[in-house]
>>> print(open('query.txt').read())   # compact mmCIF, C-alpha atoms (C1' of nucleotides)
# COMPACT_ATOMS: atom_id res chain seq x y z
CA MET A 92 14.66 -28.51 -46.71
CA LYS A 93 18.13 -28.93 -45.32
CA CYS A 94 19.36 -32.29 -44.29
CA GLU A 95 20.61 -32.45 -40.73
CA PRO A 96 23.64 -30.28 -40.15
CA TRP A 97 21.81 -28.86 -37.21
CA THR A 98 24.89 -28.62 -35.06
CA GLU A 99 26.58 -26.57 -37.76
CA HIS A 100 23.56 -24.40 -38.17
CA ALA A 101 23.49 -23.87 -34.43
CA GLU A 102 27.16 -22.96 -34.23
CA ALA A 103 26.63 -20.50 -37.02
CA ARG A 104 23.76 -18.84 -35.31
CA LEU A 105 25.66 -18.69 -32.04
CA ALA A 106 28.62 -17.11 -33.80
CA ALA A 107 26.30 -14.58 -35.39
CA ALA A 108 25.00 -13.77 -31.93
CA GLY A 109 28.56 -13.03 -30.86
CA HIS A 110 29.44 -16.20 -28.98
CA LYS A 111 32.79 -17.89 -29.20
CA ARG A 112 33.00 -21.61 -29.77
CA GLY A 113 33.64 -24.13 -27.06
CA GLY A 114 34.06 -27.86 -26.67
CA ALA A 115 31.44 -28.38 -24.02
CA ARG A 116 28.79 -26.61 -26.01
CA ARG A 117 29.72 -28.53 -29.11
CA ALA A 118 29.21 -31.80 -27.29
CA VAL A 119 25.80 -30.71 -26.03
CA LEU A 120 24.74 -29.62 -29.50
CA GLU A 121 25.77 -32.90 -31.07
CA LEU A 122 23.87 -34.80 -28.43
CA LEU A 123 20.72 -32.72 -28.88
CA GLU A 124 20.83 -33.07 -32.64
CA HIS A 125 20.09 -36.76 -32.39
CA GLN A 126 17.40 -36.75 -29.73
CA SER A 127 13.81 -37.46 -30.63
CA CYS A 128 12.41 -35.87 -27.50
CA ALA A 129 13.17 -33.61 -24.57
CA LEU A 130 15.88 -34.37 -22.01
CA THR A 131 16.61 -32.99 -18.55
CA ALA A 132 19.91 -31.30 -17.74
CA LEU A 133 20.88 -34.29 -15.68
CA GLU A 134 20.10 -36.71 -18.49
CA ILE A 135 22.25 -34.66 -20.81
CA GLU A 136 25.12 -34.63 -18.36
CA ASP A 137 24.88 -38.38 -17.89
CA ALA A 138 24.56 -39.13 -21.58
CA LEU A 139 27.71 -37.17 -22.29
CA ARG A 140 29.66 -38.76 -19.45
CA VAL A 141 28.72 -42.36 -20.11
CA ALA A 142 28.82 -42.74 -23.85
CA GLY A 143 32.00 -42.16 -25.74
CA ALA A 144 29.41 -39.87 -27.29
CA GLY A 145 31.63 -36.84 -27.11
CA ARG A 146 33.08 -35.70 -23.80
CA SER A 147 31.99 -35.02 -20.26
CA VAL A 148 30.56 -31.63 -19.48
CA SER A 149 30.13 -30.26 -15.98
CA ARG A 150 26.61 -29.77 -14.77
CA ALA A 151 27.00 -26.03 -14.38
CA SER A 152 28.07 -25.80 -17.99
CA VAL A 153 25.14 -27.88 -19.14
CA TYR A 154 22.79 -25.43 -17.49
CA ARG A 155 24.66 -22.40 -18.80
CA ILE A 156 24.73 -23.81 -22.31
CA LEU A 157 21.06 -24.73 -22.31
CA ASP A 158 20.16 -21.28 -21.08
CA GLN A 159 22.23 -19.72 -23.82
CA LEU A 160 20.73 -21.95 -26.49
CA GLU A 161 17.26 -21.13 -25.29
CA GLN A 162 17.91 -17.40 -25.55
CA VAL A 163 19.12 -17.78 -29.10
CA GLY A 164 16.06 -19.83 -29.91
CA LEU A 165 17.86 -23.06 -30.72
CA VAL A 166 16.42 -24.95 -27.79
CA GLN A 167 13.13 -24.77 -25.92
CA ARG A 168 12.17 -25.65 -22.39
CA VAL A 169 9.46 -28.23 -21.82
CA GLU A 170 7.62 -28.29 -18.51
CA THR A 171 6.23 -31.74 -17.99
CA GLY A 172 5.07 -31.38 -14.43
CA GLN A 173 7.87 -33.65 -13.35
CA ALA A 174 10.53 -32.42 -10.94
CA MET A 175 12.98 -31.25 -13.57
CA VAL A 176 12.68 -29.02 -16.59
CA ARG A 177 13.34 -30.66 -19.95
CA TYR A 178 15.00 -29.21 -23.01
CA GLU A 179 14.89 -30.09 -26.69
CA ARG A 180 16.15 -28.61 -29.90
CA VAL A 181 13.77 -26.40 -31.80
CA SER A 182 12.94 -27.72 -35.24
CA GLU A 183 11.31 -25.48 -37.80
CA HIS A 184 10.11 -28.46 -39.77
CA HIS A 185 8.52 -30.38 -37.00
CA HIS A 186 6.73 -28.43 -34.29
CA HIS A 187 5.39 -30.82 -31.68
CA HIS A 188 4.04 -31.10 -28.15
CA HIS A 189 4.22 -33.72 -25.42
CA LEU A 190 2.46 -36.65 -23.86
CA VAL A 191 3.53 -37.47 -20.33
CA CYS A 192 2.78 -40.71 -18.53
CA ASP A 193 2.23 -39.77 -14.90
CA GLU A 194 2.94 -43.34 -13.82
CA CYS A 195 6.36 -44.01 -15.26
CA GLY A 196 7.45 -40.57 -16.41
CA LEU A 197 7.68 -41.47 -20.08
CA VAL A 198 7.64 -38.44 -22.36
CA MET A 199 6.57 -38.74 -26.00
CA PRO A 200 6.12 -36.19 -28.75
CA PHE A 201 2.98 -35.68 -30.81
CA SER A 202 1.69 -33.12 -33.25
CA ASP A 203 -1.75 -32.20 -34.51
CA ALA A 204 -2.66 -29.76 -37.24
CA ALA A 205 -6.15 -29.04 -35.95
CA LEU A 206 -4.74 -28.18 -32.57
CA GLU A 207 -2.23 -25.77 -34.06
CA ARG A 208 -4.97 -24.15 -36.08
CA ALA A 209 -7.07 -23.66 -32.96
CA ILE A 210 -4.11 -22.13 -31.15
CA ASP A 211 -3.32 -19.75 -33.99
CA GLU A 212 -6.92 -18.68 -34.28
CA LEU A 213 -7.24 -18.13 -30.57
CA SER A 214 -3.94 -16.30 -30.23
CA ALA A 215 -5.29 -13.43 -32.26
CA HIS A 216 -8.13 -12.78 -29.84
CA VAL A 217 -6.29 -12.79 -26.58
CA PRO A 218 -4.89 -9.89 -24.52
CA LEU A 219 -1.32 -11.04 -25.04
CA GLN A 220 1.00 -10.96 -28.01
CA VAL A 221 1.58 -14.68 -28.15
CA SER A 222 5.08 -15.78 -29.05
CA GLU A 223 5.03 -19.41 -27.99
CA HIS A 224 2.71 -22.05 -26.69
CA GLU A 225 3.20 -25.24 -24.80
CA ILE A 226 0.78 -28.11 -24.59
CA VAL A 227 1.16 -31.15 -22.37
CA LEU A 228 -1.26 -34.05 -22.16
CA HIS A 229 -1.07 -36.14 -19.02
CA GLY A 230 -2.28 -39.67 -18.62
CA ALA A 231 -1.25 -43.30 -18.53
CA CYS A 232 0.79 -44.91 -21.29
CA SER A 233 -0.16 -48.31 -22.64
CA ASP A 234 2.57 -50.07 -20.68
CA CYS A 235 1.39 -48.66 -17.37
CA ARG A 236 -2.26 -48.99 -18.20
CA GLY A 237 -2.83 -52.43 -19.52
CA GLU A 238 -0.35 -55.31 -19.51
CA MET B 1223 -25.43 -25.15 -10.55
CA LYS B 1224 -24.33 -24.67 -7.00
CA CYS B 1225 -23.53 -21.29 -5.67
CA GLU B 1226 -20.11 -21.09 -4.10
CA PRO B 1227 -19.82 -23.24 -1.02
CA TRP B 1228 -16.69 -24.62 -2.53
CA THR B 1229 -14.85 -24.79 0.76
CA GLU B 1230 -17.67 -26.88 2.20
CA HIS B 1231 -17.72 -29.10 -0.82
CA ALA B 1232 -13.98 -29.55 -0.50
CA GLU B 1233 -14.15 -30.38 3.19
CA ALA B 1234 -16.82 -32.94 2.41
CA ARG B 1235 -14.76 -34.60 -0.24
CA LEU B 1236 -11.73 -34.64 1.99
CA ALA B 1237 -13.75 -36.21 4.78
CA ALA B 1238 -15.02 -38.82 2.34
CA ALA B 1239 -11.44 -39.57 1.43
CA GLY B 1240 -10.72 -40.23 5.09
CA HIS B 1241 -9.02 -37.00 6.10
CA LYS B 1242 -9.65 -35.25 9.39
CA ARG B 1243 -10.31 -31.56 9.46
CA GLY B 1244 -7.74 -28.97 10.35
CA GLY B 1245 -7.47 -25.22 10.76
CA ALA B 1246 -4.58 -24.70 8.42
CA ARG B 1247 -6.23 -26.52 5.58
CA ARG B 1248 -9.48 -24.69 6.18
CA ALA B 1249 -7.66 -21.38 5.82
CA VAL B 1250 -6.04 -22.47 2.57
CA LEU B 1251 -9.36 -23.66 1.16
CA GLU B 1252 -11.09 -20.41 2.00
CA LEU B 1253 -8.33 -18.47 0.34
CA LEU B 1254 -8.39 -20.59 -2.81
CA GLU B 1255 -12.14 -20.34 -3.08
CA HIS B 1256 -11.92 -16.65 -3.84
CA GLN B 1257 -8.98 -16.63 -6.26
CA SER B 1258 -9.51 -15.95 -9.93
CA CYS B 1259 -6.23 -17.49 -10.99
CA ALA B 1260 -3.35 -19.68 -9.91
CA LEU B 1261 -1.11 -18.84 -6.94
CA THR B 1262 2.28 -20.12 -5.82
CA ALA B 1263 2.78 -21.76 -2.44
CA LEU B 1264 4.67 -18.70 -1.31
CA GLU B 1265 1.89 -16.37 -2.39
CA ILE B 1266 -0.59 -18.45 -0.48
CA GLU B 1267 1.56 -18.39 2.63
CA ASP B 1268 1.96 -14.61 2.39
CA ALA B 1269 -1.70 -13.96 1.69
CA LEU B 1270 -2.69 -15.91 4.78
CA ARG B 1271 -0.12 -14.23 7.00
CA VAL B 1272 -0.74 -10.66 5.95
CA ALA B 1273 -4.48 -10.35 5.65
CA GLY B 1274 -6.71 -10.96 8.62
CA ALA B 1275 -7.90 -13.30 5.90
CA GLY B 1276 -7.85 -16.30 8.15
CA ARG B 1277 -4.70 -17.36 9.98
CA SER B 1278 -1.04 -17.96 9.28
CA VAL B 1279 -0.05 -21.35 7.97
CA SER B 1280 3.51 -22.63 7.93
CA ARG B 1281 5.10 -23.13 4.56
CA ALA B 1282 5.53 -26.86 5.02
CA SER B 1283 1.84 -27.17 5.74
CA VAL B 1284 0.94 -25.15 2.68
CA TYR B 1285 2.89 -27.59 0.53
CA ARG B 1286 1.47 -30.62 2.29
CA ILE B 1287 -2.06 -29.31 1.99
CA LEU B 1288 -1.71 -28.43 -1.69
CA ASP B 1289 -0.31 -31.85 -2.40
CA GLN B 1290 -3.21 -33.45 -0.61
CA LEU B 1291 -5.76 -31.30 -2.41
CA GLU B 1292 -4.20 -32.15 -5.72
CA GLN B 1293 -4.42 -35.87 -5.06
CA VAL B 1294 -8.09 -35.57 -4.21
CA GLY B 1295 -8.62 -33.56 -7.37
CA LEU B 1296 -9.70 -30.33 -5.72
CA VAL B 1297 -6.67 -28.39 -6.87
CA GLN B 1298 -4.49 -28.55 -9.95
CA ARG B 1299 -0.89 -27.60 -10.55
CA VAL B 1300 -0.10 -25.04 -13.22
CA GLU B 1301 3.37 -24.91 -14.74
CA THR B 1302 3.98 -21.47 -16.09
CA GLY B 1303 7.65 -21.76 -16.87
CA GLN B 1304 8.39 -19.44 -14.00
CA ALA B 1305 10.50 -20.54 -11.09
CA MET B 1306 7.65 -21.75 -8.91
CA VAL B 1307 4.74 -24.07 -9.50
CA ARG B 1308 1.28 -22.52 -9.21
CA TYR B 1309 -1.89 -24.03 -7.84
CA GLU B 1310 -5.54 -23.24 -8.35
CA ARG B 1311 -8.84 -24.77 -7.41
CA VAL B 1312 -10.42 -27.05 -9.95
CA SER B 1313 -13.78 -25.83 -11.14
CA GLU B 1314 -16.10 -28.15 -13.00
CA HIS B 1315 -18.01 -25.24 -14.42
CA HIS B 1316 -15.12 -23.27 -15.76
CA HIS B 1317 -12.22 -25.16 -17.25
CA HIS B 1318 -9.52 -22.74 -18.35
CA HIS B 1319 -5.88 -22.40 -19.34
CA HIS B 1320 -3.25 -19.72 -18.93
CA LEU B 1321 -1.57 -16.78 -20.58
CA VAL B 1322 1.83 -15.88 -19.17
CA CYS B 1323 3.62 -12.62 -19.78
CA ASP B 1324 7.30 -13.47 -19.94
CA GLU B 1325 8.25 -9.88 -19.18
CA CYS B 1326 6.43 -9.16 -15.94
CA GLY B 1327 5.25 -12.62 -14.94
CA LEU B 1328 1.57 -11.78 -15.09
CA VAL B 1329 -0.65 -14.88 -15.31
CA MET B 1330 -4.16 -14.66 -16.77
CA PRO B 1331 -6.81 -17.29 -17.42
CA PHE B 1332 -8.51 -17.88 -20.76
CA SER B 1333 -10.75 -20.52 -22.25
CA ASP B 1334 -11.62 -21.51 -25.78
CA ALA B 1335 -14.19 -24.02 -26.94
CA ALA B 1336 -12.53 -24.78 -30.28
CA LEU B 1337 -9.30 -25.54 -28.51
CA GLU B 1338 -11.00 -27.93 -26.12
CA ARG B 1339 -12.68 -29.63 -29.02
CA ALA B 1340 -9.36 -30.11 -30.77
CA ILE B 1341 -7.85 -31.55 -27.62
CA ASP B 1342 -10.72 -33.96 -27.07
CA GLU B 1343 -10.61 -35.11 -30.66
CA LEU B 1344 -6.89 -35.61 -30.60
CA SER B 1345 -6.85 -37.36 -27.22
CA ALA B 1346 -8.68 -40.28 -28.74
CA HIS B 1347 -5.97 -40.95 -31.29
CA VAL B 1348 -2.93 -40.84 -29.12
CA PRO B 1349 -0.97 -43.67 -27.44
CA LEU B 1350 -1.89 -42.45 -23.98
CA GLN B 1351 -5.07 -42.57 -21.97
CA VAL B 1352 -5.35 -38.84 -21.48
CA SER B 1353 -6.62 -37.69 -18.11
CA GLU B 1354 -5.64 -34.05 -18.12
CA HIS B 1355 -4.15 -31.43 -20.35
CA GLU B 1356 -2.37 -28.19 -19.74
CA ILE B 1357 -1.95 -25.35 -22.18
CA VAL B 1358 0.16 -22.27 -21.61
CA LEU B 1359 0.57 -19.40 -24.05
CA HIS B 1360 3.64 -17.26 -23.58
CA GLY B 1361 4.08 -13.73 -24.83
CA ALA B 1362 4.00 -10.08 -23.86
CA CYS B 1363 1.03 -8.49 -22.15
CA SER B 1364 -0.30 -5.13 -23.30
CA ASP B 1365 1.35 -3.28 -20.42
CA CYS B 1366 4.78 -4.64 -21.21
CA ARG B 1367 4.36 -4.43 -24.95
CA GLY B 1368 3.04 -1.04 -25.83
CA GLU B 1369 2.41 1.42 -23.07
C1' DT C 729 -7.22 -42.86 23.46
C1' DT C 730 -5.52 -43.15 18.83
C1' DC C 731 -4.12 -40.88 14.87
C1' DC C 732 -3.83 -37.18 11.90
C1' DG C 733 -2.79 -32.35 11.00
C1' DT C 734 0.54 -28.75 11.91
C1' DG C 735 4.69 -26.02 13.09
C1' DC C 736 9.52 -25.72 13.24
C1' DA C 737 13.99 -26.90 11.82
C1' DA C 738 16.87 -29.53 9.10
C1' DA C 739 17.50 -32.03 4.84
C1' DT C 740 17.15 -32.61 -0.27
C1' DC C 741 17.39 -31.50 -4.77
C1' DT C 742 17.56 -28.65 -8.84
C1' DT C 743 19.54 -24.71 -10.64
C1' DT C 744 22.65 -20.57 -10.15
C1' DT C 745 26.79 -18.07 -9.05
C1' DG C 746 31.86 -16.94 -7.85
C1' DC C 747 36.29 -17.66 -9.06
C1' DA C 748 40.31 -19.27 -11.58
C1' DC C 749 42.24 -21.33 -15.69
C1' DG C 750 42.65 -22.33 -20.62
C1' DG C 751 41.09 -21.75 -25.26
C1' DT C 752 39.17 -18.75 -29.01
C1' DC C 753 39.36 -14.72 -31.65
C1' DG D 145 46.49 -9.99 -25.30
C1' DA D 146 41.52 -9.49 -24.15
C1' DC D 147 37.51 -12.08 -23.14
C1' DC D 148 34.60 -15.75 -23.20
C1' DG D 149 33.72 -20.63 -22.18
C1' DT D 150 34.30 -24.18 -18.69
C1' DG D 151 35.12 -26.81 -14.38
C1' DC D 152 34.79 -27.01 -9.55
C1' DA D 153 32.92 -25.80 -5.28
C1' DA D 154 29.81 -23.17 -2.76
C1' DA D 155 25.34 -20.67 -2.73
C1' DA D 156 20.59 -19.96 -3.51
C1' DG D 157 15.91 -21.11 -3.68
C1' DA D 158 11.94 -24.24 -3.84
C1' DT D 159 10.04 -28.22 -1.90
C1' DT D 160 10.24 -32.28 1.30
C1' DT D 161 10.97 -34.73 5.50
C1' DG D 162 11.69 -35.81 10.67
C1' DC D 163 10.02 -35.06 14.92
C1' DA D 164 7.03 -33.59 18.67
C1' DC D 165 2.78 -31.62 20.15
C1' DG D 166 -2.18 -30.51 20.10
C1' DG D 167 -6.63 -31.24 18.25
C1' DA D 168 -10.21 -34.26 15.80
C1' DA D 169 -12.67 -38.49 15.81
>>> encode(input="query.txt", output="C-alpha cells")
Amino acid sequence: MKCEPWTEHAEARLAAAGHKRGGARRAVLELLEHQSCALTALEIEDALRVAGAGRSVSRASVYRILDQLEQVGLVQRVETGQAMVRYERVSEHHHHHHLVCDECGLVMPFSDAALERAIDELSAHVPLQVSEHEIVLHGACSDCRGE
Amino acid sequence: MKCEPWTEHAEARLAAAGHKRGGARRAVLELLEHQSCALTALEIEDALRVAGAGRSVSRASVYRILDQLEQVGLVQRVETGQAMVRYERVSEHHHHHHLVCDECGLVMPFSDAALERAIDELSAHVPLQVSEHEIVLHGACSDCRGE
DNA sequence: TTCCGTGCAAATCTTTTGCACGGTC
DNA sequence: GACCGTGCAAAAGATTTGCACGGAA
C-alpha cells in the first residue's frame, strides 16, 4: 500500500490521460490530498485563497478542474441534499459514505462492510450495470441533538 | 392497507398542519399520486400544463408546494446527480431507492430488504440520530449498454 | 374580514461558457 | 510554435423571493 503521494499519482494519471500540467490544478490536488471529507467548490476556492496553502484559484477553474478530475476518476461528487455539490478525492483503500446533519450541515464519513456486501449482492440482480453507488444518511448530529 | 386516496390523506394532513386548501396544490397532489417514480419540478409543471390532467400551476408555486409537502413529510427529495432535484410522494408501504442511468438519465426505483437491514443495523452505531437515508446506484441501463 | 395560496416578474445563487493571455510540451 | 490551462466577466439554468390579488376559513 503506497504512502500518500496522491498528488503525484494524480498528476501521473492526468498526464497519461493527455492533460498538461498547471499551477491551479496542482494547488487543488494538494488541497484535496489532505482532506478527510468532501468539500464544495466554494470551500475549495476559499481554502486556497485564505491559507498560504498554495495559491488562489479562480472559481471557474475550480469547477473546470473538479470536472476534469471526476472524469478521470480521481475525484467523486457527493450529493448531500444541501445547496451545493461536494467533491472528494477517490481513495482505493478507503471507500466510504456520508452522514449529513440536517441542522448544522456537518458532513462526516463512515464505512460499513455489511452495507457494501448488501450493495454488491444487490447490484448483480438489478436492471442496470452498476458502476458506482452513493449512500447518504440524514439526521441530527450529537451537537445539534443534545447539549 | 388503504387503497389509494393518497391525495385525500395528504390534504387531511396538510389541514392538520394548519394549511388552507388551494387549487394549485391539489393539482400537484393528484399528479404525484399516480407517479411511479420521482419527477423534477419542471417535469411536474409541464405535466400539469400539457395534459388536461388538472390545471396549469406556475413554476414558483410548484417549488413552494413541493417544499411544503416535504416539510410535512408527504414528499421526499431525491438527488440523482443530475442537474435538477427530483421529488416523489412518500409511501409507507413501499420504501424504495433509485437506479440512475448516467447515459440517458433514466431513473428507476428498486428496493432490497437486505440493504434496508444493513442500513438499520448500521444506523444504530453511528454518531448521528439517523432519520432518513438515500441510496442511489449509478450505471448504464440495458438500452444504453447493449442494444 | 383576515390570511393564506398563487401567479408573475425580478432576484439569487451555483455552475458554465466565451475570450484572451501565458505556460507547458 | 501549437495548444492547453487559467483568469475574468458574462451567461445560463435552477430555485427563491417580493408583491398584489383572489379564494378559503
>>> interface_residues(input="query.txt", of="chain B", to="chain A", cutoff="6 Å", atoms="all atoms listed in the file", output="PyMOL selection string")
chain B and resi 1337+1340+1350-1363
>>> write_last_selection(input="query.txt", atoms="C-alpha atoms", output="compact mmCIF listing (two decimals), in the frame of the given file")
# COMPACT_ATOMS: atom_id res chain seq x y z
CA LEU B 1337 -9.30 -25.54 -28.51
CA ALA B 1340 -9.36 -30.11 -30.77
CA LEU B 1350 -1.89 -42.45 -23.98
CA GLN B 1351 -5.07 -42.57 -21.97
CA VAL B 1352 -5.35 -38.84 -21.48
CA SER B 1353 -6.62 -37.69 -18.11
CA GLU B 1354 -5.64 -34.05 -18.12
CA HIS B 1355 -4.15 -31.43 -20.35
CA GLU B 1356 -2.37 -28.19 -19.74
CA ILE B 1357 -1.95 -25.35 -22.18
CA VAL B 1358 0.16 -22.27 -21.61
CA LEU B 1359 0.57 -19.40 -24.05
CA HIS B 1360 3.64 -17.26 -23.58
CA GLY B 1361 4.08 -13.73 -24.83
CA ALA B 1362 4.00 -10.08 -23.86
CA CYS B 1363 1.03 -8.49 -22.15
>>> atom_distance(input="query.txt", atom1="atom CA of B:Glu1233", atom2="atom C1' of D:DC165")
24.0 Å
>>> closest_atom_pairs(input="query.txt", of="chain A", to="chain D", cutoff="12 Å", atoms="only C-alpha atoms (C1' of nucleotides)", output="Markdown table")
| residue | atom | partner | partner_atom | distance |
| --- | --- | --- | --- | --- |
| A:Gly109 | CA | D:DC148 | C1' | 10.1 |
| A:His110 | CA | D:DC148 | C1' | 7.8 |
| A:Lys111 | CA | D:DC148 | C1' | 6.6 |
| A:Arg112 | CA | D:DG149 | C1' | 7.7 |
| A:Gly113 | CA | D:DG149 | C1' | 6.0 |
| A:Gly114 | CA | D:DG149 | C1' | 8.5 |
| A:Ala115 | CA | D:DT150 | C1' | 7.4 |
| A:Arg116 | CA | D:DG149 | C1' | 8.6 |
| A:Arg117 | CA | D:DG149 | C1' | 11.2 |
| A:Ser147 | CA | D:DG151 | C1' | 10.6 |
| A:Val148 | CA | D:DG151 | C1' | 8.4 |
| A:Ser149 | CA | D:DG151 | C1' | 6.3 |
| A:Arg150 | CA | D:DG151 | C1' | 9.0 |
| A:Ala151 | CA | D:DG151 | C1' | 8.2 |
| A:Ser152 | CA | D:DT150 | C1' | 6.5 |
| A:Val153 | CA | D:DT150 | C1' | 9.9 |
| A:Tyr154 | CA | D:DT150 | C1' | 11.6 |
| A:Arg155 | CA | D:DT150 | C1' | 9.8 |
| A:Ile156 | CA | D:DG149 | C1' | 9.5 |
| A:Gln159 | CA | D:DG149 | C1' | 11.6 |
| A:Ala174 | CA | D:DT159 | C1' | 10.0 |
>>> interface_residues(input="query.txt", of="chain C", to="chain A", cutoff="10 Å", atoms="all atoms listed in the file", output="list in words")
DC741, DT742, DT743, DT744, DT745, DG751, DT752 and DC753 of chain C
>>> write_last_selection(input="query.txt", atoms="C-alpha atoms (C1' of nucleotides)", output="compact mmCIF listing (two decimals), in the coordinates of the input")
# COMPACT_ATOMS: atom_id res chain seq x y z
C1' DC C 741 17.39 -31.50 -4.77
C1' DT C 742 17.56 -28.65 -8.84
C1' DT C 743 19.54 -24.71 -10.64
C1' DT C 744 22.65 -20.57 -10.15
C1' DT C 745 26.79 -18.07 -9.05
C1' DG C 751 41.09 -21.75 -25.26
C1' DT C 752 39.17 -18.75 -29.01
C1' DC C 753 39.36 -14.72 -31.65
>>> atom_distance(input="query.txt", atom1="atom CA of B:Glu1230", atom2="atom CA of B:Arg1271")
22.2 Å
>>> atom_distance(input="query.txt", atom1="atom CA of B:Leu1270", atom2="atom CA of B:Val1250")
7.7 Å
